[in-house]
Amino acid sequence: MSGFDVVGDVHGHADQLLRLLAKLGYQRRSLNSAWAHPDGRMVAFVGDLINRGPASSAVIDIVRGMTDAGSAFVVLGNHEFNLLAATFEGGEQVQKKYREHLDWFRTIPFSLEVGGIRVVHAVWHPTSLKVIAGRTCMDEDFLRRAITKGTPEGQAVQTVLKGIKVPIPDDQVYLDRFGIRRSRGRIRWWLDPRGLAYADLLFPSYAGASAHSVPSAVDLANSEPYPSDEPAVFIGHYCLPVSEPKIHGNVACVDGCVSCDGVLWAYRHSGERNLDPVHLVQSDGC
Ligand SMILES: [Mn+2]
């Protein structure tokens, strides 16, 4: 095993993905063959391949080709899970471009532990991962429980794919990168949250957060800090602004919000436990 290149949420931006793969040294032998690395490196995708960008179908083709050929792994993102949930409930028409890929989405695991790294879309949360261990959405009974509020499976999938959230007090206005006001904010789940103010806890950070006000213990009950001596964890999901650090000890968020910034990020991992920003790679702009 010669290392993983962990790629952030692609969200339908096929051009950026192709630029990034080329920059990382991946090649195709012919137009019909899958992207692969001459040194045997592999890509790990953190999920959220689809939606927002202009070319979700092309992204699926590239990633599916690579996973079939053994040059990539992928974990499920909340966008793929939401699509599976919508089709399972039958209330929503699935866009034609996704219809032929639903069976493949169902096979994608929620987490991955391979070659000394851990990969999950939003939170490496041992209690939740235990609940959904070995499960995929191919299992209809599991999927039914996972989309039902109040079930252990539903709670586990919510945590792992969407983050641990705390209510935002009314006097703090929290706008996300899409300008949407949020009543709850995602936390830096790897930290011990006890005594940390909103300004220290919310991820990504934002200017309006209080440096004094602290979430209640009840709001933080689901928190499971991540030990610094555990394997490196890679996540996506958080749409980080350029100014937000991506590396936090042995946790790296490689989602630089390609839909907002036009840049896709990866981390080139070669076995180190303590991650270093020097190994971050970004796609070159248009
Ligand atoms: Mn995303």
# chains A, B, ... in the order shown; residues from 1 in each chain; ligands from 1

call {"tool": "select_by_dssp", "arguments": {"residues": "stretch 104-217 of chain A", "states": "alpha helix (DSSP H)", "output": "number ranges by chain"}}
result
A: 104-107, 126-131, 140-146, 152-162, 198-201

call {"tool": "write_last_selection", "arguments": {"atoms": "N, CA and C atoms", "output": "mmCIF file, in the first residue's frame"}}
result
data_model
loop_
_atom_site.group_PDB
_atom_site.id
_atom_site.type_symbol
_atom_site.label_atom_id
_atom_site.label_comp_id
_atom_site.auth_asym_id
_atom_site.auth_seq_id
_atom_site.Cartn_x
_atom_site.Cartn_y
_atom_site.Cartn_z
ATOM 1 N N TRP A 104 -25.890 1.415 -7.163
ATOM 2 C CA TRP A 104 -24.489 1.594 -6.766
ATOM 3 C C TRP A 104 -24.393 2.418 -5.474
ATOM 4 N N PHE A 105 -25.158 3.511 -5.387
ATOM 5 C CA PHE A 105 -25.145 4.314 -4.153
ATOM 6 C C PHE A 105 -25.464 3.443 -2.935
ATOM 7 N N ARG A 106 -26.384 2.488 -3.142
ATOM 8 C CA ARG A 106 -26.783 1.632 -2.003
ATOM 9 C C ARG A 106 -25.640 0.774 -1.481
ATOM 10 N N THR A 107 -24.641 0.528 -2.335
ATOM 11 C CA THR A 107 -23.531 -0.339 -1.907
ATOM 12 C C THR A 107 -22.446 0.430 -1.151
ATOM 13 N N PRO A 126 -17.686 6.670 17.453
ATOM 14 C CA PRO A 126 -17.671 5.225 17.691
ATOM 15 C C PRO A 126 -19.026 4.636 18.058
ATOM 16 N N THR A 127 -19.799 5.305 18.913
ATOM 17 C CA THR A 127 -21.101 4.747 19.313
ATOM 18 C C THR A 127 -22.014 4.588 18.102
ATOM 19 N N SER A 128 -22.043 5.594 17.229
ATOM 20 C CA SER A 128 -22.902 5.529 16.040
ATOM 21 C C SER A 128 -22.367 4.498 15.037
ATOM 22 N N LEU A 129 -21.040 4.478 14.866
ATOM 23 C CA LEU A 129 -20.461 3.554 13.891
ATOM 24 C C LEU A 129 -20.711 2.099 14.304
ATOM 25 N N LYS A 130 -20.804 1.879 15.609
ATOM 26 C CA LYS A 130 -21.103 0.538 16.107
ATOM 27 C C LYS A 130 -22.540 0.136 15.712
ATOM 28 N N VAL A 131 -23.450 1.086 15.787
ATOM 29 C CA VAL A 131 -24.860 0.811 15.455
ATOM 30 C C VAL A 131 -25.014 0.422 13.978
ATOM 31 N N GLU A 140 -32.806 -3.217 2.954
ATOM 32 C CA GLU A 140 -34.020 -2.386 2.967
ATOM 33 C C GLU A 140 -34.548 -2.154 4.373
ATOM 34 N N ASP A 141 -34.456 -3.180 5.185
ATOM 35 C CA ASP A 141 -34.938 -3.053 6.552
ATOM 36 C C ASP A 141 -34.112 -2.012 7.301
ATOM 37 N N PHE A 142 -32.796 -2.054 7.067
ATOM 38 C CA PHE A 142 -31.912 -1.065 7.692
ATOM 39 C C PHE A 142 -32.248 0.339 7.190
ATOM 40 N N LEU A 143 -32.400 0.486 5.867
ATOM 41 C CA LEU A 143 -32.669 1.803 5.290
ATOM 42 C C LEU A 143 -33.975 2.380 5.857
ATOM 43 N N ARG A 144 -34.973 1.511 5.990
ATOM 44 C CA ARG A 144 -36.250 1.970 6.542
ATOM 45 C C ARG A 144 -36.053 2.530 7.957
ATOM 46 N N ARG A 145 -35.258 1.835 8.755
ATOM 47 C CA ARG A 145 -35.009 2.289 10.120
ATOM 48 C C ARG A 145 -34.143 3.556 10.123
ATOM 49 N N ALA A 146 -33.191 3.610 9.183
ATOM 50 C CA ALA A 146 -32.265 4.746 9.140
ATOM 51 C C ALA A 146 -32.964 6.050 8.752
ATOM 52 N N PRO A 152 -32.408 4.117 16.699
ATOM 53 C CA PRO A 152 -30.950 4.189 16.890
ATOM 54 C C PRO A 152 -30.220 4.312 15.556
ATOM 55 N N GLU A 153 -30.722 3.614 14.515
ATOM 56 C CA GLU A 153 -30.075 3.685 13.195
ATOM 57 C C GLU A 153 -30.193 5.095 12.613
ATOM 58 N N GLY A 154 -31.376 5.697 12.760
ATOM 59 C CA GLY A 154 -31.593 7.054 12.249
ATOM 60 C C GLY A 154 -30.673 8.059 12.926
ATOM 61 N N GLN A 155 -30.579 7.944 14.242
ATOM 62 C CA GLN A 155 -29.720 8.849 15.014
ATOM 63 C C GLN A 155 -28.247 8.654 14.628
ATOM 64 N N ALA A 156 -27.853 7.407 14.437
ATOM 65 C CA ALA A 156 -26.457 7.112 14.105
ATOM 66 C C ALA A 156 -26.092 7.685 12.730
ATOM 67 N N VAL A 157 -26.958 7.467 11.746
ATOM 68 C CA VAL A 157 -26.686 7.960 10.389
ATOM 69 C C VAL A 157 -26.652 9.489 10.383
ATOM 70 N N GLN A 158 -27.583 10.089 11.093
ATOM 71 C CA GLN A 158 -27.639 11.553 11.217
ATOM 72 C C GLN A 158 -26.307 12.094 11.755
ATOM 73 N N THR A 159 -25.805 11.490 12.794
ATOM 74 C CA THR A 159 -24.560 11.956 13.423
ATOM 75 C C THR A 159 -23.366 11.789 12.486
ATOM 76 N N VAL A 160 -23.246 10.603 11.912
ATOM 77 C CA VAL A 160 -22.074 10.265 11.108
ATOM 78 C C VAL A 160 -22.035 11.061 9.800
ATOM 79 N N LEU A 161 -23.219 11.307 9.205
ATOM 80 C CA LEU A 161 -23.268 11.984 7.900
ATOM 81 C C LEU A 161 -23.496 13.491 7.987
ATOM 82 N N LYS A 162 -24.050 13.975 9.104
ATOM 83 C CA LYS A 162 -24.415 15.397 9.125
ATOM 84 C C LYS A 162 -23.745 16.200 10.232
ATOM 85 N N TYR A 198 -19.028 28.995 22.278
ATOM 86 C CA TYR A 198 -19.447 28.804 20.884
ATOM 87 C C TYR A 198 -18.321 29.153 19.909
ATOM 88 N N ALA A 199 -17.599 30.239 20.212
ATOM 89 C CA ALA A 199 -16.548 30.699 19.295
ATOM 90 C C ALA A 199 -15.441 29.647 19.125
ATOM 91 N N ASP A 200 -15.230 28.841 20.170
ATOM 92 C CA ASP A 200 -14.168 27.827 20.111
ATOM 93 C C ASP A 200 -14.677 26.490 19.589
ATOM 94 N N LEU A 201 -15.993 26.340 19.597
ATOM 95 C CA LEU A 201 -16.573 25.027 19.354
ATOM 96 C C LEU A 201 -17.160 24.861 17.952
#

call {"tool": "residues_around", "arguments": {"residues": "stretch 175-178 of chain A", "least_positions_apart": "4", "cutoff": "10 Å", "atoms": "only C-alpha atoms", "output": "list in words"}}
result
Arg182, Ser183, Gly185, Pro204, Tyr206, Ala207, Gly208, Tyr238, Cys239, Leu240, Pro241, Cys257, Ser259 and Cys260 of chain A

call {"tool": "write_last_selection", "arguments": {"atoms": "C-alpha atoms", "output": "PDB file, in the first residue's frame"}}
result
ATOM      1  CA  ARG A 182     -29.043  28.267  10.893  1.00  0.00           C
ATOM      2  CA  SER A 183     -30.634  27.648  14.262  1.00  0.00           C
ATOM      3  CA  GLY A 185     -24.355  24.826  14.404  1.00  0.00           C
ATOM      4  CA  PRO A 204     -16.304  26.284  10.653  1.00  0.00           C
ATOM      5  CA  TYR A 206     -17.836  32.389  12.367  1.00  0.00           C
ATOM      6  CA  ALA A 207     -17.474  35.980  13.464  1.00  0.00           C
ATOM      7  CA  GLY A 208     -20.812  36.236  15.282  1.00  0.00           C
ATOM      8  CA  TYR A 238     -18.187  21.299   6.408  1.00  0.00           C
ATOM      9  CA  CYS A 239     -17.761  23.623   3.391  1.00  0.00           C
ATOM     10  CA  LEU A 240     -14.717  25.338   4.864  1.00  0.00           C
ATOM     11  CA  PRO A 241     -13.793  28.869   3.807  1.00  0.00           C
ATOM     12  CA  CYS A 257     -16.535  24.001  -0.585  1.00  0.00           C
ATOM     13  CA  SER A 259     -19.281  25.036  -5.145  1.00  0.00           C
ATOM     14  CA  CYS A 260     -18.386  28.311  -3.401  1.00  0.00           C
TER      15      CYS A 260
END

call {"tool": "residues_around", "arguments": {"residues": "stretch 270-283 of chain A", "least_positions_apart": "4", "cutoff": "9 Å", "atoms": "only C-alpha atoms", "output": "PDB file with N, CA and C atoms, in the first residue's frame"}}
result
ATOM      1  N   SER A   2       0.714   2.108  -0.981  1.00  0.00           N
ATOM      2  CA  SER A   2       1.631   3.240  -1.062  1.00  0.00           C
ATOM      3  C   SER A   2       0.980   4.570  -0.737  1.00  0.00           C
ATOM      4  N   GLY A   3      -0.207   4.554  -0.154  1.00  0.00           N
ATOM      5  CA  GLY A   3      -0.771   5.808   0.335  1.00  0.00           C
ATOM      6  C   GLY A   3      -2.068   6.207  -0.338  1.00  0.00           C
ATOM      7  N   PHE A   4      -2.766   7.107   0.365  1.00  0.00           N
ATOM      8  CA  PHE A   4      -4.085   7.555  -0.099  1.00  0.00           C
ATOM      9  C   PHE A   4      -4.104   9.047  -0.364  1.00  0.00           C
ATOM     10  N   ASP A   5      -4.815   9.409  -1.415  1.00  0.00           N
ATOM     11  CA  ASP A   5      -5.106  10.801  -1.672  1.00  0.00           C
ATOM     12  C   ASP A   5      -6.590  10.982  -1.360  1.00  0.00           C
ATOM     13  N   GLN A  16     -13.086  20.133 -12.017  1.00  0.00           N
ATOM     14  CA  GLN A  16     -12.138  20.286 -10.910  1.00  0.00           C
ATOM     15  C   GLN A  16     -11.561  18.934 -10.505  1.00  0.00           C
ATOM     16  N   LEU A  17     -12.418  17.913 -10.536  1.00  0.00           N
ATOM     17  CA  LEU A  17     -11.934  16.578 -10.156  1.00  0.00           C
ATOM     18  C   LEU A  17     -10.867  16.096 -11.141  1.00  0.00           C
ATOM     19  N   LEU A  18     -11.116  16.297 -12.420  1.00  0.00           N
ATOM     20  CA  LEU A  18     -10.137  15.861 -13.427  1.00  0.00           C
ATOM     21  C   LEU A  18      -8.815  16.617 -13.269  1.00  0.00           C
ATOM     22  N   ARG A  19      -8.911  17.926 -13.007  1.00  0.00           N
ATOM     23  CA  ARG A  19      -7.684  18.711 -12.800  1.00  0.00           C
ATOM     24  C   ARG A  19      -6.916  18.226 -11.584  1.00  0.00           C
ATOM     25  N   LEU A  20      -7.661  17.921 -10.524  1.00  0.00           N
ATOM     26  CA  LEU A  20      -7.005  17.482  -9.291  1.00  0.00           C
ATOM     27  C   LEU A  20      -6.351  16.109  -9.475  1.00  0.00           C
ATOM     28  N   LEU A  21      -7.069  15.196 -10.137  1.00  0.00           N
ATOM     29  CA  LEU A  21      -6.500  13.855 -10.354  1.00  0.00           C
ATOM     30  C   LEU A  21      -5.210  13.958 -11.164  1.00  0.00           C
ATOM     31  N   LYS A  23      -3.217  16.540 -11.384  1.00  0.00           N
ATOM     32  CA  LYS A  23      -2.179  17.181 -10.557  1.00  0.00           C
ATOM     33  C   LYS A  23      -1.560  16.190  -9.576  1.00  0.00           C
ATOM     34  N   LEU A  24      -2.402  15.246  -9.095  1.00  0.00           N
ATOM     35  CA  LEU A  24      -1.922  14.243  -8.143  1.00  0.00           C
ATOM     36  C   LEU A  24      -1.177  13.099  -8.843  1.00  0.00           C
ATOM     37  N   GLY A 115      -5.518   1.005   5.362  1.00  0.00           N
ATOM     38  CA  GLY A 115      -4.173   1.570   5.184  1.00  0.00           C
ATOM     39  C   GLY A 115      -3.802   2.590   6.247  1.00  0.00           C
ATOM     40  N   GLY A 116      -4.289   2.407   7.477  1.00  0.00           N
ATOM     41  CA  GLY A 116      -3.915   3.301   8.574  1.00  0.00           C
ATOM     42  C   GLY A 116      -4.705   4.592   8.641  1.00  0.00           C
ATOM     43  N   ILE A 117      -5.734   4.743   7.809  1.00  0.00           N
ATOM     44  CA  ILE A 117      -6.567   5.945   7.912  1.00  0.00           C
ATOM     45  C   ILE A 117      -8.037   5.566   8.115  1.00  0.00           C
ATOM     46  N   SER A 228      -5.994  11.739  20.465  1.00  0.00           N
ATOM     47  CA  SER A 228      -4.913  12.150  19.556  1.00  0.00           C
ATOM     48  C   SER A 228      -3.999  10.979  19.182  1.00  0.00           C
ATOM     49  N   ASP A 229      -4.139   9.834  19.883  1.00  0.00           N
ATOM     50  CA  ASP A 229      -3.280   8.699  19.528  1.00  0.00           C
ATOM     51  C   ASP A 229      -3.995   7.668  18.656  1.00  0.00           C
ATOM     52  N   GLU A 230      -5.174   8.019  18.165  1.00  0.00           N
ATOM     53  CA  GLU A 230      -5.913   7.127  17.252  1.00  0.00           C
ATOM     54  C   GLU A 230      -5.482   7.429  15.804  1.00  0.00           C
ATOM     55  N   PRO A 231      -5.801   6.523  14.860  1.00  0.00           N
ATOM     56  CA  PRO A 231      -5.418   6.771  13.460  1.00  0.00           C
ATOM     57  C   PRO A 231      -6.001   8.075  12.900  1.00  0.00           C
ATOM     58  N   ALA A 232      -5.350   8.590  11.880  1.00  0.00           N
ATOM     59  CA  ALA A 232      -5.816   9.820  11.236  1.00  0.00           C
ATOM     60  C   ALA A 232      -7.222   9.628  10.665  1.00  0.00           C
ATOM     61  N   PRO A 245      -8.564  26.681   8.928  1.00  0.00           N
ATOM     62  CA  PRO A 245      -7.594  25.564   8.871  1.00  0.00           C
ATOM     63  C   PRO A 245      -8.303  24.227   8.645  1.00  0.00           C
ATOM     64  N   LYS A 246      -7.673  23.380   7.846  1.00  0.00           N
ATOM     65  CA  LYS A 246      -8.277  22.079   7.524  1.00  0.00           C
ATOM     66  C   LYS A 246      -7.728  20.952   8.392  1.00  0.00           C
ATOM     67  N   ILE A 247      -6.551  21.186   8.984  1.00  0.00           N
ATOM     68  CA  ILE A 247      -5.890  20.124   9.746  1.00  0.00           C
ATOM     69  C   ILE A 247      -5.945  20.430  11.239  1.00  0.00           C
ATOM     70  N   HIS A 248      -6.367  19.426  12.006  1.00  0.00           N
ATOM     71  CA  HIS A 248      -6.452  19.570  13.465  1.00  0.00           C
ATOM     72  C   HIS A 248      -5.854  18.319  14.085  1.00  0.00           C
ATOM     73  N   GLY A 249      -4.528  18.280  14.240  1.00  0.00           N
ATOM     74  CA  GLY A 249      -3.867  17.092  14.782  1.00  0.00           C
ATOM     75  C   GLY A 249      -4.054  15.910  13.852  1.00  0.00           C
ATOM     76  N   ASN A 250      -4.812  14.902  14.333  1.00  0.00           N
ATOM     77  CA  ASN A 250      -5.020  13.707  13.504  1.00  0.00           C
ATOM     78  C   ASN A 250      -6.384  13.706  12.806  1.00  0.00           C
ATOM     79  N   VAL A 251      -6.998  14.886  12.692  1.00  0.00           N
ATOM     80  CA  VAL A 251      -8.274  15.016  11.979  1.00  0.00           C
ATOM     81  C   VAL A 251      -8.113  16.050  10.868  1.00  0.00           C
ATOM     82  N   ALA A 252      -8.553  15.688   9.652  1.00  0.00           N
ATOM     83  CA  ALA A 252      -8.475  16.637   8.534  1.00  0.00           C
ATOM     84  C   ALA A 252      -9.818  16.728   7.831  1.00  0.00           C
ATOM     85  N   VAL A 254     -11.293  17.882   4.416  1.00  0.00           N
ATOM     86  CA  VAL A 254     -10.806  18.237   3.072  1.00  0.00           C
ATOM     87  C   VAL A 254     -11.897  18.857   2.209  1.00  0.00           C
ATOM     88  N   GLY A 262     -14.759  27.182  -6.156  1.00  0.00           N
ATOM     89  CA  GLY A 262     -14.261  26.682  -7.434  1.00  0.00           C
ATOM     90  C   GLY A 262     -12.967  25.898  -7.307  1.00  0.00           C
ATOM     91  N   VAL A 263     -12.632  25.486  -6.086  1.00  0.00           N
ATOM     92  CA  VAL A 263     -11.389  24.754  -5.865  1.00  0.00           C
ATOM     93  C   VAL A 263     -11.694  23.475  -5.084  1.00  0.00           C
ATOM     94  N   LEU A 264     -11.137  22.374  -5.560  1.00  0.00           N
ATOM     95  CA  LEU A 264     -11.325  21.094  -4.890  1.00  0.00           C
ATOM     96  C   LEU A 264     -10.030  20.734  -4.165  1.00  0.00           C
ATOM     97  N   TRP A 265     -10.163  20.203  -2.951  1.00  0.00           N
ATOM     98  CA  TRP A 265      -8.992  19.923  -2.115  1.00  0.00           C
ATOM     99  C   TRP A 265      -8.775  18.428  -1.935  1.00  0.00           C
ATOM    100  N   ALA A 266      -7.520  18.080  -1.713  1.00  0.00           N
ATOM    101  CA  ALA A 266      -7.177  16.703  -1.360  1.00  0.00           C
ATOM    102  C   ALA A 266      -6.064  16.742  -0.319  1.00  0.00           C
TER     103      ALA A 266
END

call {"tool": "residues_near_ligand", "arguments": {"ligand": "ligand 1", "cutoff": "6 Å", "atoms": "only C-alpha atoms and all ligand atoms", "output": "list in words"}}
result
Asp9, Asp48 and His237 of chain A

call {"tool": "residues_around", "arguments": {"residues": "A:Leu76", "least_positions_apart": "3", "cutoff": "9 Å", "atoms": "only C-alpha atoms", "output": "ChimeraX atom specification"}}
result
/A:45-49,79-81,105-106,108-111,120-121,161

call {"tool": "atom_distance", "arguments": {"atom1": "atom CA of A:Ile168", "atom2": "atom CA of A:Pro193"}}
result
15.1 Å

call {"tool": "atom_distance", "arguments": {"atom1": "atom CA of A:Phe73", "atom2": "atom CA of A:Thr151"}}
result
28.4 Å
